[in-house]
Number of protein chains: 2
Amino acid sequence: MRKNLQWILGHSSSPDIYPKEMVDANVPGNANLDWAIATDMPDWKYGINFKQYRWMEDCWWLYEAKIPSISINSNETLFFISEGIDYQYRILLDGKIIFENEGMFSQVMEPLYAGKNSLLQIWIAPVPKDPLGEKDTNREASQTCKPAVSYGWDWHPRLIPSGIWMDTYLEVRPASRFEDVSLDYILSDDFSVVEITFSAMISGHKSAVLMLTDPDGNKVLQLKAGESATLSNPKLWWCNGYGEPNLYKWDAILYNNNVQVDKMSGIVGFRKVELTMNEGAWNVPDSLPKGRSPTPITITLNGVPVFAKGSNWVNPEIFTGTITHDTYLPLIKLAKEANYNILRCWGGAIINKDSFFDLCDLHGIMVWQDFPLACNDYRGTPEYLKVLEQEARAIIKRLKHHACLVLWCGGNELFNSWSKMTDQSPALRLLNKLCYELDFDRPFIMTSPICGMGHGNYLFRYSDGREVYQVMPEASKTAYAEFGVPSISNRSCIEAAAKESDVFPMQLNDITVAHHAFTAWDGDTASWACLGIISDYFGEAKTLDDLIVWSQWLQSEGYKCIYEEARRQKPFCSMALNWCFNEPWPTIANNSIVNYPAEPKTSFSAVTDACRPLMSSARIPKFSWRGGEVFSIELWLLNDSHSPITPGKVDVSLEIDSKVYPVDTWCYNGTVANENLKGPRVELKLPELEVDGFTEMKLILSANELSSQYRLLYKS
Amino acid sequence: MRKNLQWILGHSSSPDIYPKEMVDANVPGNANLDWAIATDMPDWKYGINFKQYRWMEDCWWLYEAKIPSISINSNETLFFISEGIDYQYRILLDGKIIFENEGMFSQVMEPLYAGKNSLLQIWIAPVPKDPLGEKDTNREASQTCKPAVSYGWDWHPRLIPSGIWMDTYLEVRPASRFEDVSLDYILSDDFSVVEITFSAMISGHKSAVLMLTDPDGNKVLQLKAGESATLSNPKLWWCNGYGEPNLYKWDAILYNNNVQVDKMSGIVGFRKVELTMNEGAWNVPDSLPKGRSPTPITITLNGVPVFAKGSNWVNPEIFTGTITHDTYLPLIKLAKEANYNILRCWGGAIINKDSFFDLCDLHGIMVWQDFPLACNDYRGTPEYLKVLEQEARAIIKRLKHHACLVLWCGGNELFNSWSKMTDQSPALRLLNKLCYELDFDRPFIMTSPICGMGHGNYLFRYSDGREVYQVMPEASKTAYAEFGVPSISNRSCIEAAAKESDVFPMQLNDITVAHHAFTAWDGDTASWACLGIISDYFGEAKTLDDLIVWSQWLQSEGYKCIYEEARRQKPFCSMALNWCFNEPWPTIANNSIVNYPAEPKTSFSAVTDACRPLMSSARIPKFSWRGGEVFSIELWLLNDSHSPITPGKVDVSLEIDSKVYPVDTWCYNGTVANENLKGPRVELKLPELEVDGFTEMKLILSANELSSQYRLLYKS
């Protein structure tokens with residue numbers, strides 16, 4: 001029996017000083033947000049209002065709740081349970097400290113010996129700031145397991161949540177109960193048999209039975225705690241595009257003299273996941289003195305090498321306490337709709353709540369999970385390692401039963417100059433050790449990028465003048481784990497952040513900077529608005545809508561180019577993840593393909609097209625063309641599926657100013673499952689037309705359900 | 001009190017069948033060798049006699065000893081102790097199995113409850129052969145912790161030792177005794193204070209005291225078990241070339257009512273070792289999409305980045321049971337004489353006996369220690385991982401107190417195509433975990449080469465025609481962990497292996513192949529004799545001595561070129577280790593610079609010159625010159641020491657046919673400690689002389705104690 005409490009909260013300069021004012025608190029939720037709402041502070045999403053929240057970083061928050069009268073039998077215990085409190089805190093019962101901890105991912109489960117009208121209090125300390133970190137930057141996050149992103153990022157304001165962010169309640173638990181239940185399995189090498197073991201930690205001397213129900217609702221297995229049993233021809237869990245994400249349901253029931261006294265339920269998807277060597281990667285390097293070969297990064301699911309298509313996922317809300325199943329649902333549906341089969345949960349952000357993983361299990365979205373380290377040198381002090389170990393153990397224990405989870409990763413960009421961690425860093429050696437001990441079968445990598453992988457850039461056109469059309473075919477990486485093309489946001493998103501006069505004509509001001517249009521990281525060229533690039537192609541924008549349309553045009557075609565080029569490089573390449581999928585607040589410009597909270601940009605459709613399992617594709621040499629030039633492209637069929645492509649043809653044409661110019665026809669013999677086919681190069685001398693500035697030149701590959709289109713630029 | 005036993009041995013097809021014949025056994029030793037000696041088998045070192053030993057791989061060996069009458073008090077226990085038995089074995093007392101194990105690096109310590117005339121027997125199983133490994137190759141070693149090299153290598157015959165290879169004895173131990181003693185220390189950041197903790201596991205309730213004696217013999221500290229104490233200004237342990245390898249001695253004494261009842265002693269060298277990033281390596285890679293930066297491989301000792309100069313060490317005997325302190329002594333002395341500061345103990349061979357590490361402690365030779373994995377895919381079966389964990393724990397525990405030990409490494413060439421292991425391999429993740437848990441402060445790498453490092457080649461002239469003079473300056477690696485230049489062996493070594501008529505004229509026959517002159521690994525070009533390369537430079541040899549001299553000339557100058565070029569690339573490069581230092585039997589050709597058992601080749605002097613801490617050096621574009629060509633070199637001063645180089649000059653000249661041709665003089669301003677100085681390019685048009693075939697052209701850099709010489713080739 002669970003019981004929620006009625007919480008109030010206030011702030012103080014010290015845990016020795018009771019707050020001057022207490023307001024209603026939402027649990028789960030965030031103290032800063034609740035305080036802001038209760039005191040009518042302006043909307044944090046709008047303009048630069050978030051800066052008014054800054055003082056909250058350094059105060060102590062007090063949550064307080066009276067414990068209601070609860071009748072407890074002599075063989076029962078009252079527990080206070082919290083799935084997570086953000087970040088350093090102490091819990092007091094009637095003024096006495098009963099628990100203290102640092103770390104937001106660890107569960108609290110404390111027996112409460114409460115009297116009548118007992119008072120539960122939770123003091124949360126000011127947010128941690130590494131004294132060696134540069135002030136006011138995310139370098140302050142380098143000795144903490146608190147997500148670094150809250151300290152400010154190039155798509156996230158500095159706004160650091162605190163509070164009881166996960167489900168938190170009282171529970172009366174019987175003496176005879178499940179302390180823990182686990183269902184482990186081993187798939188046979190040919191995947192035809194699964195051996196299932198049911199283990200239970202039980203308080204009290206009782207018997208436990210597990211029942212397994214298949215995806216169609218049939219009971220297929222029953223076994224006692226401590227027993228193993230086999231199931232033939234299990235329906236395997238597959239990721240999106242490769243099959244059904246079959247899930248079995250289990251119910252573990254605890255009996256005392258044939259009376260049910262406790263029950264736990266869960267789901268399980270049977271699958272085997274490995275990181276296998278990318279085809280051809282053992283031949284790299286090919287010169288002497290010889291280095292090592294790349295690290296394997298092909299996700300092989302149930303024996304099938306998958307081309308991992310997806311995106312980098314970030315926290316969908318700044319105030320992570322407000323995230324629920326309903327926050328995740330539209331986003332995960334969009335990820336599936338985009339033909340993605342994987343999301344990388346990036347290490348600067350939170351470890352998501354259970355409902356995220358439940359949805360990914362259900363929709364066949366594989367999850368690459370970073371531990372909470374990003375872009376810093378997380379030094380291996382004994383204090384930091386202690387917290388990291390505790391948090392990592394909690395994270396692994398909470399998530400390891402999810403079929404969707406395919407990869408642990410130590411954190412983001414740790415082996416690069418801006419982080420300066422290495423294979424020697426104790427934090428990463430510790431994470432490798434913990435994953436080995438607690439989750440032996442799941443792959444682990446120390447960071448991303450690692451040997452052989454490519455990371456970045458985040459532009460349609462690089463500072464050296466090359467476009468992604470030229471850069472990508474020259475790259476030869478086993479995975480593209482983060483590539484970005486920014487755009488200006490949808491109008492609705494911009495309007496949630498600013499007045500039109502703040503953003504058009506678009507120029508550097510407090511609001512455009514705060515919402516990432518300018519000086520995002522590296523001066524103008526790396527500002528996400530990329531006005532210089534846009535005007536070079538399209539001229540000066542007359543309206544905000546022009547700017548949005550043009551910018552999203554570049555983002556759409558840029559992403560289409562990169563995803564498809566990565567797929568053409570299969571099997572040496574086995575992964576393409578753009579930066580990023582979603583965003584936690586209304587940006588004015590960002591690399592995401594979905595605006596806050598769940599609004600697709602134009603690029604979402606382009607990416608959806610580019611990630612279809614079966615499709616025709618063109619390797620295009622550049623974006624902008626002029627009349628008289630020879631338009632020359634390479635044709636491909638891309639196949640990431642269990643299906644072959646049967647013989648057929650691709651009719652290639654260009655459409656300029658509503659007029660169609662046939663280019664060529666490719667009659668192909670088809671491909672076997674999961675293999676691409678390289679086709680011929682086709683060419684056309686472009687007609688010389690008079691256009692005013694520019695017009696769209698549409699490249700059409702007409703091939704029934706494999707058809708593809710590209711929107712290029714034509715100038716006189 | 002220790003007591004050795006008198007052992008006899010014999011062989012059988014099964015442990016159920018007592019051997020037909022028993023002979024005297026040496027313990028420590030090897031069964032195969034003892035049997036061969038007792039039965040007058042021909043010398044395994046000579047010709048192809050070793051092939052006659054092949055049957056011994058597959059027999060069961062029985063060691064047997066009577067337990068002598070030993071008087072034991074009621075508070076004492078008789079133990080059977082073995083430091084190592086090679087490889088799978090069971091121990092029987094009076095016909096009953098008292099211990100069974102797989103693994104030659106784990107200690108056996110079993111209490112013996114022996115009666116009068118009790119019989120101790122040890123049955124050793126046939127050598128392990130992975131059923132999935134290719135037959136008759138070292139692939140058979142891929143599911144064992146037995147050194148792979150015994151299964152045959154390009155410098156080691158297939159000859160697999162078995163037996164009681166480490167010290168083995170009976171010991172009567174009192175009830176009150178040390179079970180274990182450890183002395184741990186933490187050096188302050190400025191190395192001025194060391195905090196020492198003394199821990200003891202004691203049987204019986206007694207008091208223990210530790211006394212510490214400094215390198216000059218003064219007692220400097222006394223502390224009780226469980227206590228810590230600090231020592232100011234400790235004399236640090238330094239590697240060769242950077243300071244004295246200062247060692248402190250400790251004595252731990254166990255008292256019972258003020259009476260000494262047990263004592264343990266040991267040595268300790270206070271030093272801090274880290275793997276730090278190579279200077280400039282954070283700037284690699286410099287293009288997008290971006291990969292990771294190299295792994296750090298600079299050994300930083302007591303805060304000073306050391307240029308690691310050394311070699312790959314292999315087992316100095318095939319019959320590893322015969323190795324003693326006296327086997328190691330001349331070799332370690334040579335390593336020090338060669339100006340080496342490091343030896344890499346290569347993973348295909350044994351983990352050396354304690355006396356090796358004692359000598360390295362004493363002589364300031366740092367040790368990079370591979371675990372026993374090499375050039376195979378050591379699959380992570382539960383059976384293999386269990387043995388690996390047991391063996392790795394034993395190895396770490398035995399060696400971790402040595403100051404000389406600076407680096408653990410998972411094994412040799414595991415991340416390359418011929419091994420096919422990766423960061424995902426459970427064996428390597430396990431080793432990371434164990435080193436982290438048991439030896440936190442010591443660096444660990446999974447294999448060599450890793451990201452940024454270079455490995456190979458093993459030729460003076462590559463198959464594409466480029467010499468090391470051209471290859472090395474184009475390479476840009478953080479470390480050269482294995483580079484080889486082969487030569488034909490010294491005459492004395494060859495004569496231990498073959499008759500002169502077997503080896504001259506040198507051609508492919510059973511003996512030259514067996515002793516590695518031909519088909520060592522990759523056909524003729526990779527045969528260690530390299531006759532084609534020799535004749536291209538020098539013409540056809542008329543005598544064996546010509547061949548030896550010419551071949552060793554190439555090896556000498558090749559090694560000199562590579563070591564010095566690696567040093568010129570400092571600080572981006574921080575390590576140069578040739579393949580290899582020594583050899584375990586008389587080869588006819590090999591990459592070693594010391595022939596079996598401890599005979600320096602000509603190249604030993606060249607390497608000694610090239611590794612001097614302070615020296616002048618020339619970057620030379622090629623080996624062979626003709627009259628009329630412009631001889632052009634780049635001058636350098638190399639400094640791997642705490643000393644600066646004061647201003648001075650280098651007189652550069654060439655000596656051809658006893659005539660000296662001055663080239664130029666470089667007046668330099670000197671360098672600070674531990675930094676090189678790049679000097680000018682100097683040139684000379686070579687005189688056009690008539691020579692018969694070729695003559696030596698000596699390049700002389702005359703600069704007092706920094707002087708250097710190079711022996712090049714001059715042709716008309």
# chains A, B, ... in the order shown; residues from 1 in each chain; ligands from 1
>>> residues_around(residues="segment 182-187 of chain A", least_positions_apart="4", cutoff="8 Å", atoms="only C-alpha atoms", output="CSV table (one decimal) with C-alpha atoms, in the first residue's frame")
chain,number,residue,atom,x,y,z
A,191,PHE,CA,18.0,-18.2,-30.7
A,192,SER,CA,15.6,-21.2,-30.7
A,193,VAL,CA,15.6,-21.8,-26.9
A,194,VAL,CA,15.7,-19.5,-24.0
A,195,GLU,CA,16.6,-20.7,-20.5
A,196,ILE,CA,14.9,-18.7,-17.8
A,197,THR,CA,16.0,-18.4,-14.2
A,198,PHE,CA,13.8,-16.9,-11.5
A,199,SER,CA,15.5,-15.6,-8.4
A,200,ALA,CA,13.8,-13.9,-5.5
A,270,PHE,CA,14.4,-11.9,-25.1
A,271,ARG,CA,17.2,-10.7,-27.3
A,272,LYS,CA,21.0,-11.0,-27.5
>>> closest_atom_pairs(of="chain B", to="chain A", cutoff="6 Å", atoms="only C-alpha atoms", output="JSON lines")
{"residue": "B:Trp282", "atom": "CA", "partner": "A:Ser417", "partner_atom": "CA", "distance": 4.9}
{"residue": "B:Leu288", "atom": "CA", "partner": "A:Asn457", "partner_atom": "CA", "distance": 6.0}
{"residue": "B:Pro289", "atom": "CA", "partner": "A:Gly454", "partner_atom": "CA", "distance": 4.7}
{"residue": "B:Lys290", "atom": "CA", "partner": "A:His455", "partner_atom": "CA", "distance": 4.8}
{"residue": "B:Gly291", "atom": "CA", "partner": "A:Gly454", "partner_atom": "CA", "distance": 5.0}
{"residue": "B:Arg292", "atom": "CA", "partner": "A:Ile450", "partner_atom": "CA", "distance": 5.2}
{"residue": "B:Ser293", "atom": "CA", "partner": "A:Asn416", "partner_atom": "CA", "distance": 5.5}
{"residue": "B:Phe415", "atom": "CA", "partner": "A:Arg292", "partner_atom": "CA", "distance": 5.5}
{"residue": "B:Asn416", "atom": "CA", "partner": "A:Ser293", "partner_atom": "CA", "distance": 5.5}
{"residue": "B:Ser417", "atom": "CA", "partner": "A:Trp282", "partner_atom": "CA", "distance": 5.0}
{"residue": "B:Lys433", "atom": "CA", "partner": "A:Lys433", "partner_atom": "CA", "distance": 4.8}
{"residue": "B:Pro449", "atom": "CA", "partner": "A:Arg292", "partner_atom": "CA", "distance": 5.6}
{"residue": "B:Ile450", "atom": "CA", "partner": "A:Arg292", "partner_atom": "CA", "distance": 5.2}
{"residue": "B:Met453", "atom": "CA", "partner": "A:Gly291", "partner_atom": "CA", "distance": 5.5}
{"residue": "B:Gly454", "atom": "CA", "partner": "A:Pro289", "partner_atom": "CA", "distance": 4.7}
{"residue": "B:His455", "atom": "CA", "partner": "A:Lys290", "partner_atom": "CA", "distance": 4.8}
{"residue": "B:Gly456", "atom": "CA", "partner": "A:Pro289", "partner_atom": "CA", "distance": 5.0}
{"residue": "B:Asn457", "atom": "CA", "partner": "A:Pro289", "partner_atom": "CA", "distance": 5.8}
>>> select_by_dssp(residues="segment 154-278 of chain A", states="strand (DSSP E)", output="MDAnalysis selection string")
chainID A and resid 168:174 177:187 193:203 207:213 219:224 228:232 248:256 259:268 273:276
>>> write_last_selection(atoms="C-alpha atoms", output="PDB file, in the first residue's frame")
ATOM      1  CA  THR A 168       8.305   9.425  -3.430  1.00  0.00           C
ATOM      2  CA  TYR A 169       5.816   7.928  -1.015  1.00  0.00           C
ATOM      3  CA  LEU A 170       5.171   5.987   2.148  1.00  0.00           C
ATOM      4  CA  GLU A 171       4.564   2.279   1.929  1.00  0.00           C
ATOM      5  CA  VAL A 172       3.399  -0.209   4.503  1.00  0.00           C
ATOM      6  CA  ARG A 173       5.164  -3.446   3.810  1.00  0.00           C
ATOM      7  CA  PRO A 174       4.312  -6.841   5.254  1.00  0.00           C
ATOM      8  CA  ARG A 177       7.470  -9.715   1.023  1.00  0.00           C
ATOM      9  CA  PHE A 178       9.677  -9.646  -2.008  1.00  0.00           C
ATOM     10  CA  GLU A 179      12.844  -7.691  -1.386  1.00  0.00           C
ATOM     11  CA  ASP A 180      13.917  -8.227  -4.940  1.00  0.00           C
ATOM     12  CA  VAL A 181      12.987 -10.368  -7.914  1.00  0.00           C
ATOM     13  CA  SER A 182      15.051 -11.107 -10.959  1.00  0.00           C
ATOM     14  CA  LEU A 183      14.421 -12.972 -14.137  1.00  0.00           C
ATOM     15  CA  ASP A 184      17.597 -13.861 -15.985  1.00  0.00           C
ATOM     16  CA  TYR A 185      17.825 -15.665 -19.270  1.00  0.00           C
ATOM     17  CA  ILE A 186      20.252 -17.202 -21.690  1.00  0.00           C
ATOM     18  CA  LEU A 187      19.388 -17.499 -25.368  1.00  0.00           C
ATOM     19  CA  VAL A 193      15.561 -21.787 -26.935  1.00  0.00           C
ATOM     20  CA  VAL A 194      15.668 -19.473 -23.972  1.00  0.00           C
ATOM     21  CA  GLU A 195      16.628 -20.705 -20.531  1.00  0.00           C
ATOM     22  CA  ILE A 196      14.941 -18.660 -17.840  1.00  0.00           C
ATOM     23  CA  THR A 197      15.979 -18.431 -14.204  1.00  0.00           C
ATOM     24  CA  PHE A 198      13.788 -16.889 -11.535  1.00  0.00           C
ATOM     25  CA  SER A 199      15.463 -15.629  -8.378  1.00  0.00           C
ATOM     26  CA  ALA A 200      13.795 -13.890  -5.506  1.00  0.00           C
ATOM     27  CA  MET A 201      15.020 -12.307  -2.315  1.00  0.00           C
ATOM     28  CA  ILE A 202      12.267 -12.884   0.155  1.00  0.00           C
ATOM     29  CA  SER A 203      11.735 -11.638   3.681  1.00  0.00           C
ATOM     30  CA  SER A 207       7.231 -19.769  -1.486  1.00  0.00           C
ATOM     31  CA  ALA A 208       7.276 -17.775  -4.686  1.00  0.00           C
ATOM     32  CA  VAL A 209       6.064 -18.607  -8.166  1.00  0.00           C
ATOM     33  CA  LEU A 210       6.746 -16.806 -11.437  1.00  0.00           C
ATOM     34  CA  MET A 211       4.374 -16.910 -14.369  1.00  0.00           C
ATOM     35  CA  LEU A 212       5.364 -15.848 -17.838  1.00  0.00           C
ATOM     36  CA  THR A 213       2.868 -14.597 -20.388  1.00  0.00           C
ATOM     37  CA  LYS A 219       0.679 -18.242 -20.099  1.00  0.00           C
ATOM     38  CA  VAL A 220       3.720 -20.110 -21.327  1.00  0.00           C
ATOM     39  CA  LEU A 221       5.741 -20.907 -18.252  1.00  0.00           C
ATOM     40  CA  GLN A 222       5.497 -21.220 -14.504  1.00  0.00           C
ATOM     41  CA  LEU A 223       8.448 -21.763 -12.214  1.00  0.00           C
ATOM     42  CA  LYS A 224       9.407 -21.510  -8.574  1.00  0.00           C
ATOM     43  CA  SER A 228      15.267 -22.591 -14.231  1.00  0.00           C
ATOM     44  CA  ALA A 229      13.125 -23.616 -17.177  1.00  0.00           C
ATOM     45  CA  THR A 230      13.399 -23.465 -20.930  1.00  0.00           C
ATOM     46  CA  LEU A 231      11.053 -22.013 -23.480  1.00  0.00           C
ATOM     47  CA  SER A 232      11.281 -23.044 -27.112  1.00  0.00           C
ATOM     48  CA  TYR A 248       6.695 -11.082 -22.379  1.00  0.00           C
ATOM     49  CA  LYS A 249       5.031 -10.232 -19.107  1.00  0.00           C
ATOM     50  CA  TRP A 250       5.945 -11.859 -15.835  1.00  0.00           C
ATOM     51  CA  ASP A 251       4.147 -11.981 -12.508  1.00  0.00           C
ATOM     52  CA  ALA A 252       5.933 -13.152  -9.401  1.00  0.00           C
ATOM     53  CA  ILE A 253       3.603 -14.141  -6.609  1.00  0.00           C
ATOM     54  CA  LEU A 254       4.545 -14.771  -3.026  1.00  0.00           C
ATOM     55  CA  TYR A 255       2.451 -17.257  -1.101  1.00  0.00           C
ATOM     56  CA  ASN A 256       2.066 -17.907   2.583  1.00  0.00           C
ATOM     57  CA  VAL A 259      -2.474 -17.213   0.319  1.00  0.00           C
ATOM     58  CA  GLN A 260      -0.985 -14.531  -1.927  1.00  0.00           C
ATOM     59  CA  VAL A 261       0.895 -12.035   0.254  1.00  0.00           C
ATOM     60  CA  ASP A 262       2.956 -10.073  -2.247  1.00  0.00           C
ATOM     61  CA  LYS A 263       3.214  -9.643  -6.000  1.00  0.00           C
ATOM     62  CA  MET A 264       5.708  -8.082  -8.404  1.00  0.00           C
ATOM     63  CA  SER A 265       5.312  -7.820 -12.144  1.00  0.00           C
ATOM     64  CA  GLY A 266       7.485  -6.839 -15.027  1.00  0.00           C
ATOM     65  CA  ILE A 267       8.239  -7.315 -18.663  1.00  0.00           C
ATOM     66  CA  VAL A 268      11.066  -9.012 -20.457  1.00  0.00           C
ATOM     67  CA  VAL A 273      23.028  -7.843 -28.117  1.00  0.00           C
ATOM     68  CA  GLU A 274      26.715  -7.629 -28.976  1.00  0.00           C
ATOM     69  CA  LEU A 275      29.090  -4.995 -30.284  1.00  0.00           C
ATOM     70  CA  THR A 276      30.735  -6.700 -33.239  1.00  0.00           C
TER      71      THR A 276
END
>>> select_by_dssp(residues="segment 262-467 of chain A", states="alpha helix (DSSP H)", output="PyMOL selection string")
chain A and resi 325-337+354-363+382-399+426-438
>>> residues_around(residues="Val549 of chain B", least_positions_apart="5", cutoff="9 Å", atoms="only C-alpha atoms", output="PyMOL selection string")
chain B and resi 488+490+544+554+602
>>> residues_around(residues="segment 699-705 of chain B", least_positions_apart="2", cutoff="10 Å", atoms="only C-alpha atoms", output="VMD selection string")
chain B and resid 614 to 618 620 635 648 to 656 660 to 666 696 to 697 707 to 712
>>> residues_around(residues="segment 403-406 of chain A", least_positions_apart="3", cutoff="10 Å", atoms="only C-alpha atoms", output="PyMOL selection string")
chain A and resi 237-239+245-247+267-275+299-301+341-344+357-369+399-400+441-444
>>> closest_residue(among="B:Leu706, B:Lys685, B:Leu329, B:Ala349", to="Pro647 of chain B", atoms="only C-alpha atoms")
B:Leu706
>>> residues_around(residues="Ser311 of chain B", least_positions_apart="4", cutoff="6 Å", atoms="only C-alpha atoms", output="PyMOL selection string")
chain B and resi 343+577-578+580-581
